[in-house]
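Student: Let me begin by handing over the structure; questions about it come next.
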Amino acid sequence: MKILVVDDSRVMRQIVVRTLRQAGYGHCDVIEATDGRDGISKVHSEQPDLVLSDWNMPEMSGIDFLSALRASGDDRPFGFVTSEGSEPMRETAARAGAAFLISKPFTPDTFRDHLDPVLG
Amino acid sequence: MTAMADLEYGPDSSMLVEIVGDVFTGLFGERYAPPYLAAPVDTLDVSASVSVSGGWFGDVVICCSPALALSAAAELFAMAPEEVAEAEIRDVVGEFANVIGGNVKSVMPGPSVLSLPRTSLEGIAERSGDVEALRIDMTWQGEPLCVSIWTASAQTPQEGDPS
């Protein structure tokens, strides 16, 4: 099982990886990307089973990243981990094809609640 | 804690304290008590800000002492303090502003766009608002920090994409 973590903040990538481990996903391979553009490249080269992406990033935002994947026919599971979880954002994410949106700050329980149904 | 002016929308000071506490607990875990209210201090040379624009215009600014920024970066990157570089400090305080700002944006009228964080290690980070509408002074691990919300004196709501 491979998970791609996309965030322009190195410390937030580190915190997401730590939380994945605490949530019971320590057995997964975790790879990282620094923005949506880098994320597309890593999706192609690494073929992750799940993408966890920030929303607000330079170069290419998370929502543009997701839209680009879906436009290319890529329907792998994709979830947002972002600093805001308002209802309009959740609706925008769901319309674009996101499986879930986790708002920061988060806990290992939040990760389990959202990732378990996707990763089985 | 200092309420500088009334915010027509959004958090009051107690909600902002709660947001900051939740963010620190989320980032650092339960090992550290969350920040609590304290007297203002004027040696807050490290800062980060984010702007919200759309249904509401304003900025969320966090300022803290260099010692707080250093210890927070060392803790989150699991590094010795002497190994922490400027990039790590900017990353950590920028993420403070990003997450606190995102949570503030959630309770403001929308839709709005959240900017990327701006950071400064020598004073207040750049902001667009000119009116300090709400400010809380706090302490964490014996070091001071301040979170403030700034608004533009002329608010012009307009449609925007959510961020």
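Just so we're on the same page: first chain in the structure tokens is A, next is B, and so on; residues restart at 1 for each chain, and ligands are numbered from 1 in the order they show up.
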With a cut-off of 12 Å and counting only C-alpha atoms, select all residues of chain A in contact with chain B and give the selection as a PyMOL selection string.
Tutor: chain A and resi 7-16+18-19+22+54-59+61-64+80-93+103-110
Student: Per DSSP on the backbone, what are the helix (DSSP H, G or I) residues of chain A, as JSON, numbers by chain?
Tutor: {"A": [10, 11, 12, 13, 14, 15, 16, 17, 18, 19, 20, 21, 22, 23, 24, 25, 36, 37, 38, 39, 40, 41, 42, 43, 44, 45, 46, 62, 63, 64, 65, 66, 67, 68, 69, 70, 71, 87, 88, 89, 90, 91, 92, 93, 94, 95, 96, 108, 109, 110, 111, 112, 113, 114, 115, 116, 117, 118, 119]}
Student: From a DSSP pass on the backbone, collect the residues of chain A flagged as strand (DSSP E or B) and hand them back as a PyMOL selection string.
Tutor: chain A and resi 2-6+29-33+50-53+78-82+100-103
Student: Of the candidates B:Leu37, B:Gly58, B:Tyr32, B:Ser153, which one gets nearest to Leu16 of chain B if we count only C-alpha atoms?
Tutor: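 Checking each of B:Leu37, B:Gly58, B:Tyr32, B:Ser153 against Leu16 of chain B, counting only C-alpha atoms, the winner is B:Leu37.
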Student: As an exercise, work out the distance from atom CA of Ser41 of chain A to atom CA of Gly24 of chain A in Å and give it to one decimal place.
Tutor: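 Atom CA of Ser41 of chain A sits 27.0 Å away from atom CA of Gly24 of chain A.
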Student: Using atom CA of Gly79 of chain A and atom CA of Arg118 of chain B as the two end points, give the distance in Å to one decimal.
Tutor: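 Result for atom CA of Gly79 of chain A versus atom CA of Arg118 of chain B: 25.9 Å, one decimal.
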Student: By how many Å are atom CA of Met1 of chain A and atom CA of Ser45 of chain A apart?
Tutor: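 Answer for the atom CA of Met1 of chain A to atom CA of Ser45 of chain A separation: 14.9 Å.
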